[in-house]
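File shown: my_file00.cif. Contents: mmCIF, C-alpha atoms, pLDDT in the B column; chains and numbers go by the auth columns.
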data_protein
loop_
_atom_site.group_PDB
_atom_site.id
_atom_site.type_symbol
_atom_site.label_atom_id
_atom_site.label_comp_id
_atom_site.label_asym_id
_atom_site.label_seq_id
_atom_site.Cartn_x
_atom_site.Cartn_y
_atom_site.Cartn_z
_atom_site.B_iso_or_equiv
_atom_site.auth_seq_id
_atom_site.auth_asym_id
ATOM 1 C CA MET A 1 -55.853 25.451 -88.791 54.00 1 H
ATOM 2 C CA PRO A 2 -55.487 21.622 -88.807 60.00 2 H
ATOM 3 C CA ALA A 3 -57.231 19.617 -86.118 60.00 3 H
ATOM 4 C CA GLN A 4 -54.966 18.613 -83.264 65.00 4 H
ATOM 5 C CA HIS A 5 -54.885 15.008 -82.201 60.00 5 H
ATOM 6 C CA VAL A 6 -54.192 14.162 -78.598 61.00 6 H
ATOM 7 C CA THR A 7 -52.301 10.939 -78.173 61.00 7 H
ATOM 8 C CA VAL A 8 -53.193 9.103 -75.007 66.00 8 H
ATOM 9 C CA MET A 9 -50.490 6.763 -73.818 82.00 9 H
ATOM 10 C CA LYS A 10 -51.672 3.334 -72.843 90.00 10 H
ATOM 11 C CA LYS A 11 -50.399 2.275 -69.445 93.00 11 H
ATOM 12 C CA PRO A 12 -48.772 -1.121 -69.075 95.00 12 H
ATOM 13 C CA VAL A 13 -50.229 -3.304 -66.338 96.00 13 H
ATOM 14 C CA LEU A 14 -49.160 -6.522 -64.711 96.00 14 H
ATOM 15 C CA ILE A 15 -51.892 -8.904 -63.599 96.00 15 H
ATOM 16 C CA TYR A 16 -51.061 -10.680 -60.363 94.00 16 H
ATOM 17 C CA GLY A 17 -52.548 -14.142 -60.797 92.00 17 H
ATOM 18 C CA ALA A 18 -52.371 -16.118 -64.031 93.00 18 H
ATOM 19 C CA GLY A 19 -55.299 -18.449 -63.376 90.00 19 H
ATOM 20 C CA ASP A 20 -58.789 -18.250 -64.814 90.00 20 H
ATOM 21 C CA THR A 21 -59.604 -14.961 -63.055 90.00 21 H
ATOM 22 C CA GLY A 22 -56.398 -13.273 -64.213 93.00 22 H
ATOM 23 C CA ILE A 23 -56.942 -14.420 -67.792 94.00 23 H
ATOM 24 C CA ALA A 24 -60.545 -13.186 -67.674 93.00 24 H
ATOM 25 C CA ILE A 25 -59.263 -9.787 -66.499 94.00 25 H
ATOM 26 C CA ALA A 26 -56.738 -9.692 -69.361 96.00 26 H
ATOM 27 C CA GLU A 27 -59.547 -10.373 -71.826 95.00 27 H
ATOM 28 C CA TRP A 28 -61.739 -7.735 -70.131 94.00 28 H
ATOM 29 C CA ILE A 29 -58.936 -5.184 -70.519 95.00 29 H
ATOM 30 C CA ARG A 30 -58.535 -6.157 -74.181 94.00 30 H
ATOM 31 C CA ARG A 31 -62.270 -5.702 -74.819 93.00 31 H
ATOM 32 C CA GLU A 32 -63.204 -2.693 -72.714 92.00 32 H
ATOM 33 C CA PHE A 33 -60.101 -0.837 -71.533 93.00 33 H
ATOM 34 C CA THR A 34 -57.857 -1.210 -74.567 90.00 34 H
ATOM 35 C CA GLU A 35 -57.397 2.540 -74.951 91.00 35 H
ATOM 36 C CA GLN A 36 -56.143 2.976 -71.368 93.00 36 H
ATOM 37 C CA TYR A 37 -54.163 -0.195 -70.612 95.00 37 H
ATOM 38 C CA TYR A 38 -52.301 -3.115 -72.102 95.00 38 H
ATOM 39 C CA VAL A 39 -51.238 -6.230 -70.237 96.00 39 H
ATOM 40 C CA GLU A 40 -47.455 -6.500 -70.150 95.00 40 H
ATOM 41 C CA GLY A 41 -47.495 -9.861 -68.383 95.00 41 H
ATOM 42 C CA PHE A 42 -48.695 -11.918 -65.450 95.00 42 H
ATOM 43 C CA LEU A 43 -47.164 -12.301 -62.015 93.00 43 H
ATOM 44 C CA ASP A 44 -47.827 -15.645 -60.395 92.00 44 H
ATOM 45 C CA ASP A 45 -46.221 -17.498 -57.517 87.00 45 H
ATOM 46 C CA ASN A 46 -47.050 -20.791 -59.248 85.00 46 H
ATOM 47 C CA LYS A 47 -44.461 -21.061 -61.987 77.00 47 H
ATOM 48 C CA THR A 48 -46.638 -23.370 -64.106 79.00 48 H
ATOM 49 C CA GLN A 49 -47.095 -21.842 -67.534 76.00 49 H
ATOM 50 C CA HIS A 50 -50.540 -21.356 -68.975 80.00 50 H
ATOM 51 C CA LYS A 51 -51.689 -21.470 -72.591 84.00 51 H
ATOM 52 C CA TYR A 52 -52.580 -17.770 -72.772 91.00 52 H
ATOM 53 C CA PRO A 53 -50.542 -15.673 -75.242 93.00 53 H
ATOM 54 C CA ILE A 54 -49.344 -13.228 -72.561 94.00 54 H
ATOM 55 C CA PRO A 55 -46.572 -14.839 -70.483 93.00 55 H
ATOM 56 C CA ILE A 56 -45.991 -15.182 -66.766 93.00 56 H
ATOM 57 C CA VAL A 57 -43.060 -12.797 -66.282 93.00 57 H
ATOM 58 C CA GLY A 58 -42.406 -13.064 -62.561 92.00 58 H
ATOM 59 C CA SER A 59 -43.689 -13.664 -59.068 91.00 59 H
ATOM 60 C CA PHE A 60 -44.101 -11.878 -55.757 90.00 60 H
ATOM 61 C CA GLU A 61 -40.482 -12.686 -54.862 90.00 61 H
ATOM 62 C CA ASN A 62 -39.020 -10.745 -57.796 91.00 62 H
ATOM 63 C CA VAL A 63 -41.636 -8.003 -58.111 90.00 63 H
ATOM 64 C CA GLU A 64 -39.111 -5.285 -57.189 88.00 64 H
ATOM 65 C CA ALA A 65 -37.434 -5.783 -60.585 90.00 65 H
ATOM 66 C CA PHE A 66 -40.605 -4.611 -62.327 90.00 66 H
ATOM 67 C CA LYS A 67 -40.672 -1.380 -60.334 83.00 67 H
ATOM 68 C CA LYS A 68 -37.192 -0.621 -61.666 82.00 68 H
ATOM 69 C CA LEU A 69 -38.515 -1.201 -65.195 87.00 69 H
ATOM 70 C CA LYS A 70 -41.314 1.341 -64.567 86.00 70 H
ATOM 71 C CA LEU A 71 -43.967 -1.392 -64.567 90.00 71 H
ATOM 72 C CA GLU A 72 -45.749 0.015 -61.548 93.00 72 H
ATOM 73 C CA ASN A 73 -49.423 -0.787 -62.223 95.00 73 H
ATOM 74 C CA ILE A 74 -50.705 -4.077 -60.865 96.00 74 H
ATOM 75 C CA ILE A 75 -54.207 -5.511 -61.115 95.00 75 H
ATOM 76 C CA LEU A 76 -55.028 -8.239 -58.638 92.00 76 H
ATOM 77 C CA GLY A 77 -56.289 -11.204 -60.607 88.00 77 H
ATOM 78 C CA PHE A 78 -56.566 -13.759 -57.859 78.00 78 H
ATOM 79 C CA VAL A 79 -59.539 -13.962 -55.564 68.00 79 H
ATOM 80 C CA LEU A 80 -59.134 -16.347 -52.645 71.00 80 H
ATOM 81 C CA PRO A 81 -58.164 -16.394 -49.873 84.00 81 H
ATOM 82 C CA VAL A 82 -59.087 -12.778 -49.286 85.00 82 H
ATOM 83 C CA GLU A 83 -56.605 -12.384 -46.412 89.00 83 H
ATOM 84 C CA LYS A 84 -53.708 -13.291 -48.697 87.00 84 H
ATOM 85 C CA ARG A 85 -55.047 -10.969 -51.391 87.00 85 H
ATOM 86 C CA LEU A 86 -55.121 -8.002 -49.005 91.00 86 H
ATOM 87 C CA GLU A 87 -51.764 -8.891 -47.446 92.00 87 H
ATOM 88 C CA ARG A 88 -50.099 -8.961 -50.861 91.00 88 H
ATOM 89 C CA ALA A 89 -51.918 -5.833 -52.040 93.00 89 H
ATOM 90 C CA TYR A 90 -50.741 -3.761 -49.080 94.00 90 H
ATOM 91 C CA ALA A 91 -47.201 -5.185 -49.309 93.00 91 H
ATOM 92 C CA LEU A 92 -47.072 -4.143 -52.974 94.00 92 H
ATOM 93 C CA LYS A 93 -48.555 -0.746 -52.134 94.00 93 H
ATOM 94 C CA ASP A 94 -45.820 -0.263 -49.505 94.00 94 H
ATOM 95 C CA LYS A 95 -43.249 -0.961 -52.251 92.00 95 H
ATOM 96 C CA GLY A 96 -44.704 1.880 -54.337 93.00 96 H
ATOM 97 C CA PHE A 97 -46.882 -0.037 -56.793 95.00 97 H
ATOM 98 C CA THR A 98 -50.203 1.424 -57.909 95.00 98 H
ATOM 99 C CA PHE A 99 -53.478 -0.358 -58.536 96.00 99 H
ATOM 100 C CA PRO A 100 -55.706 0.846 -61.355 95.00 100 H
ATOM 101 C CA SER A 101 -59.413 0.302 -60.887 94.00 101 H
ATOM 102 C CA LEU A 102 -61.368 -1.259 -63.733 93.00 102 H
ATOM 103 C CA VAL A 103 -64.752 0.354 -63.496 89.00 103 H
ATOM 104 C CA PRO A 104 -67.318 0.972 -66.242 85.00 104 H
ATOM 105 C CA HIS A 105 -67.140 4.629 -67.279 79.00 105 H
ATOM 106 C CA TYR A 106 -70.734 5.328 -66.269 78.00 106 H
ATOM 107 C CA VAL A 107 -70.231 4.290 -62.632 80.00 107 H
ATOM 108 C CA GLN A 108 -67.964 7.147 -61.589 69.00 108 H
ATOM 109 C CA GLU A 109 -70.231 9.642 -63.270 69.00 109 H
ATOM 110 C CA LEU A 110 -73.209 8.660 -61.150 67.00 110 H
ATOM 111 C CA TRP A 111 -74.226 10.918 -58.299 77.00 111 H
ATOM 112 C CA GLY A 112 -71.275 10.933 -55.970 82.00 112 H
ATOM 113 C CA VAL A 113 -69.990 7.367 -56.277 87.00 113 H
ATOM 114 C CA ARG A 114 -66.451 7.153 -54.876 88.00 114 H
ATOM 115 C CA ILE A 115 -64.133 4.346 -55.924 91.00 115 H
ATOM 116 C CA GLY A 116 -60.903 3.323 -54.174 93.00 116 H
ATOM 117 C CA GLU A 117 -57.853 1.876 -55.866 94.00 117 H
ATOM 118 C CA GLY A 118 -57.599 -1.656 -57.158 95.00 118 H
ATOM 119 C CA VAL A 119 -61.386 -1.957 -57.494 94.00 119 H
ATOM 120 C CA LEU A 120 -62.822 -4.246 -60.171 92.00 120 H
ATOM 121 C CA ILE A 121 -66.490 -3.763 -61.051 91.00 121 H
ATOM 122 C CA TYR A 122 -67.851 -5.999 -63.768 88.00 122 H
ATOM 123 C CA ASN A 123 -71.360 -5.572 -65.177 86.00 123 H
ATOM 124 C CA SER A 124 -72.947 -4.377 -61.928 87.00 124 H
ATOM 125 C CA ILE A 125 -75.122 -1.546 -60.686 86.00 125 H
ATOM 126 C CA ILE A 126 -73.656 0.923 -58.219 88.00 126 H
ATOM 127 C CA ASN A 127 -76.271 3.174 -56.641 87.00 127 H
ATOM 128 C CA PRO A 128 -75.791 6.871 -55.794 86.00 128 H
ATOM 129 C CA LYS A 129 -73.484 8.095 -53.029 86.00 129 H
ATOM 130 C CA THR A 130 -71.786 4.721 -52.634 89.00 130 H
ATOM 131 C CA GLU A 131 -68.200 4.551 -51.468 89.00 131 H
ATOM 132 C CA ILE A 132 -66.179 1.489 -52.403 91.00 132 H
ATOM 133 C CA LYS A 133 -62.868 1.154 -50.587 92.00 133 H
ATOM 134 C CA ASN A 134 -59.594 -0.280 -51.935 94.00 134 H
ATOM 135 C CA PHE A 135 -59.118 -3.760 -53.430 92.00 135 H
ATOM 136 C CA VAL A 136 -62.779 -4.698 -53.781 90.00 136 H
ATOM 137 C CA GLY A 137 -64.022 -6.941 -56.561 89.00 137 H
ATOM 138 C CA ILE A 138 -67.687 -6.800 -57.565 90.00 138 H
ATOM 139 C CA ASN A 139 -68.791 -9.503 -59.965 85.00 139 H
ATOM 140 C CA ALA A 140 -71.502 -9.558 -62.602 84.00 140 H
ATOM 141 C CA TYR A 141 -75.116 -8.768 -61.798 86.00 141 H
ATOM 142 C CA ALA A 142 -74.494 -7.358 -58.328 89.00 142 H
ATOM 143 C CA THR A 143 -76.358 -4.292 -57.127 89.00 143 H
ATOM 144 C CA ILE A 144 -74.467 -2.201 -54.563 88.00 144 H
ATOM 145 C CA GLU A 145 -76.609 0.084 -52.458 83.00 145 H
ATOM 146 C CA THR A 146 -75.860 2.559 -49.736 78.00 146 H
ATOM 147 C CA CYS A 147 -77.878 4.087 -46.941 70.00 147 H
ATOM 148 C CA VAL A 148 -77.491 7.857 -46.882 61.00 148 H
#
Show how you would write the structure in this file as structure tokens.
Amino acid sequence: MPAQHVTVMKKPVLIYGAGDTGIAIAEWIRREFTEQYYVEGFLDDNKTQHKYPIPIVGSFENVEAFKKLKLENIILGFVLPVEKRLERAYALKDKGFTFPSLVPHYVQELWGVRIGEGVLIYNSIINPKTEIKNFVGINAYATIETCV
């Protein structure tokens, strides 16, 4: 009997924020999450084009059009101010968008770590029984501990 191959469909994602952080996330996806996701484009409220090969395809004002095109996965690629980030994240969530988390594969396998949606963990240590809520970004060389 011939071996069966399972084809995993890559999910398209939009990165909200086309600045340095958004571009770094696109590169991170290309390097480490290429089998799960591909970047369809950037959303940015600043219409200025960047020199990255993936274009800015829209903004917060016209985001509903992407939902109709079945582009429902958004990764938040802008950092500050945090209040605006959360406001936009929850507004998009209310419109039915989803937020993949980019987390190293070994983190979720560790001893009861729970990860919310829209979480970005880059090159960090997450200790056992830690719960990380929605829309949290953890940058390189952080150690996240919990008290059980």
Inset, instruction - Do a neighbour search on Gly58 (chain H) at 12 Å with all atoms listed in the file, toss out local chain neighbours closer than 3 positions, and write the hits as a count of residues only. - result: 23
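For the residues H:Leu92, H:Ile121, H:Ile29, H:Leu86, ranking by smallest atom-to-atom distance to Phe60 (chain H) using only C-alpha atoms places H:Leu92 first.
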Legend entry - Selection near Thr143 (chain H), 12 Å with only C-alpha atoms, sequence-local residues under 3 positions removed, as a PyMOL selection string: chain H and resi 107+121-128+130+138-140+146
Inset, instruction - Just the residues within 6 Å of Val13 (chain H), please, counting only C-alpha atoms, with nothing from its chain fewer than 4 positions along; format it as an MDAnalysis selection string. - result: chainID H and resid 39:40 73:74
Inset, instruction - Show which residues sit within 7 Å of Thr21 (chain H), as a PyMOL selection string. Count all atoms listed in the file, and ignore same-chain residues fewer than 2 positions away. - result: chain H and resi 19+23-25+77-78
Inset, instruction - List the residues matched by the PyMOL selection byres ((chain H and resi 131) around 9) in the displayed structure as number ranges by chain, ordered by chain and then by residue number. - result: H: 112-116, 129-130, 132-133, 146
Inset, instruction - Take the point (-59.0, -1.3, -56.1) as written in the file and pick out every residue within 6 Å of it, counting only C-alpha atoms; give the list as a PyMOL selection string. - result: chain H and resi 101+116-119+134-136
Would you put the residues from that selection into a file with C-alpha atoms, as a short mmCIF file (atom, residue, chain, number, x, y, z; two decimals), in the frame of the given file?
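Contents of selection_15.cif, as written:
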data_model
loop_
_atom_site.label_atom_id
_atom_site.label_comp_id
_atom_site.auth_asym_id
_atom_site.auth_seq_id
_atom_site.Cartn_x
_atom_site.Cartn_y
_atom_site.Cartn_z
CA SER H 101 -59.41 0.30 -60.89
CA GLY H 116 -60.90 3.32 -54.17
CA GLU H 117 -57.85 1.88 -55.87
CA GLY H 118 -57.60 -1.66 -57.16
CA VAL H 119 -61.39 -1.96 -57.49
CA ASN H 134 -59.59 -0.28 -51.94
CA PHE H 135 -59.12 -3.76 -53.43
CA VAL H 136 -62.78 -4.70 -53.78
#
Legend entry - Best match for closeness to Pro100 (chain H) among H:Glu32, H:Val57, H:Ile144, H:Lys11, counting only C-alpha atoms: H:Lys11
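Relative to CA of Lys68 (chain H), CA of Ile54 (chain H) is found at 20.6 Å.
CA of Leu80 (chain H) sits 12.3 Å away from CA of Asp20 (chain H).
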Legend entry - Straight-line distance linking CA of Ile56 (chain H) with CA of Met9 (chain H), stated in Å to one decimal: 23.5 Å
Legend entry - Counting only C-alpha atoms, the option among H:Lys95, H:Lys84, H:Arg31, H:Lys70 closest to Pro12 (chain H): H:Lys70
Inset, instruction - Between H:Pro53, H:His105, H:Tyr37, H:Glu72, single out the one closest to Lys93 (chain H), counting only C-alpha atoms. - result: H:Glu72
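Minimum atom-to-atom distances from H:Ile75, H:Leu120, H:Leu102, H:Cys147 to Phe33 (chain H) were compared using all atoms listed in the file, and the lowest value belongs to H:Leu102.
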Saved region 59-81 of chain H from the preceding structure, N, CA, C and O atoms, as a short mmCIF file (atom, residue, chain, number, x, y, z; two decimals), in the first residue's frame:
data_model
loop_
_atom_site.label_atom_id
_atom_site.label_comp_id
_atom_site.auth_asym_id
_atom_site.auth_seq_id
_atom_site.Cartn_x
_atom_site.Cartn_y
_atom_site.Cartn_z
N SER H 59 -6.30 49.13 5.46
CA SER H 59 -6.17 49.78 6.76
C SER H 59 -7.33 49.35 7.65
O SER H 59 -8.20 48.56 7.24
N PHE H 60 -7.37 49.89 8.85
CA PHE H 60 -8.44 49.56 9.78
C PHE H 60 -9.80 49.95 9.21
O PHE H 60 -10.78 49.25 9.42
N GLU H 61 -9.84 51.05 8.46
CA GLU H 61 -11.12 51.53 7.93
C GLU H 61 -11.76 50.54 6.94
O GLU H 61 -12.96 50.45 6.86
N ASN H 62 -10.95 49.84 6.17
CA ASN H 62 -11.53 48.93 5.17
C ASN H 62 -11.30 47.46 5.49
O ASN H 62 -11.36 46.61 4.62
N VAL H 63 -11.08 47.15 6.75
CA VAL H 63 -10.76 45.78 7.15
C VAL H 63 -11.92 44.81 6.89
O VAL H 63 -11.70 43.64 6.64
N GLU H 64 -13.14 45.31 6.90
CA GLU H 64 -14.31 44.44 6.67
C GLU H 64 -14.23 43.74 5.31
O GLU H 64 -14.69 42.61 5.16
N ALA H 65 -13.63 44.39 4.33
CA ALA H 65 -13.50 43.81 2.99
C ALA H 65 -12.67 42.53 3.03
O ALA H 65 -12.93 41.59 2.27
N PHE H 66 -11.71 42.45 3.91
CA PHE H 66 -10.86 41.26 3.99
C PHE H 66 -11.61 40.09 4.61
O PHE H 66 -11.36 38.95 4.26
N LYS H 67 -12.51 40.36 5.50
CA LYS H 67 -13.35 39.30 6.09
C LYS H 67 -14.18 38.65 4.99
O LYS H 67 -14.30 37.43 4.94
N LYS H 68 -14.70 39.45 4.08
CA LYS H 68 -15.50 38.92 2.97
C LYS H 68 -14.65 38.07 2.03
O LYS H 68 -15.16 37.18 1.37
N LEU H 69 -13.35 38.35 1.98
CA LEU H 69 -12.43 37.57 1.14
C LEU H 69 -11.87 36.35 1.88
O LEU H 69 -10.97 35.68 1.37
N LYS H 70 -12.37 36.08 3.06
CA LYS H 70 -11.93 34.96 3.89
C LYS H 70 -10.50 35.13 4.41
O LYS H 70 -9.82 34.17 4.69
N LEU H 71 -10.05 36.38 4.50
CA LEU H 71 -8.77 36.68 5.13
C LEU H 71 -9.10 37.10 6.56
O LEU H 71 -9.30 38.27 6.85
N GLU H 72 -9.20 36.10 7.42
CA GLU H 72 -9.73 36.33 8.77
C GLU H 72 -8.67 36.31 9.86
O GLU H 72 -8.98 36.59 11.01
N ASN H 73 -7.43 35.95 9.53
CA ASN H 73 -6.37 35.83 10.53
C ASN H 73 -5.50 37.08 10.52
O ASN H 73 -4.92 37.42 9.49
N ILE H 74 -5.44 37.75 11.66
CA ILE H 74 -4.65 38.96 11.77
C ILE H 74 -3.62 38.79 12.89
O ILE H 74 -3.94 38.29 13.96
N ILE H 75 -2.40 39.21 12.61
CA ILE H 75 -1.35 39.24 13.62
C ILE H 75 -1.03 40.70 13.87
O ILE H 75 -0.80 41.47 12.93
N LEU H 76 -1.06 41.09 15.13
CA LEU H 76 -0.79 42.48 15.48
C LEU H 76 0.70 42.73 15.42
O LEU H 76 1.47 42.14 16.17
N GLY H 77 1.10 43.62 14.51
CA GLY H 77 2.51 43.89 14.32
C GLY H 77 2.92 45.28 14.76
O GLY H 77 3.98 45.74 14.42
N PHE H 78 2.04 45.95 15.50
CA PHE H 78 2.45 47.23 16.05
C PHE H 78 2.42 47.12 17.56
O PHE H 78 1.66 46.37 18.13
N VAL H 79 3.27 47.88 18.22
CA VAL H 79 3.47 47.67 19.65
C VAL H 79 2.86 48.78 20.50
O VAL H 79 2.14 48.51 21.43
N LEU H 80 3.15 50.01 20.21
CA LEU H 80 2.76 51.11 21.09
C LEU H 80 1.78 52.02 20.39
O LEU H 80 1.82 52.15 19.17
N PRO H 81 0.92 52.72 21.07
CA PRO H 81 0.64 52.58 22.48
C PRO H 81 -0.22 51.36 22.74
O PRO H 81 -1.04 50.97 21.92
#
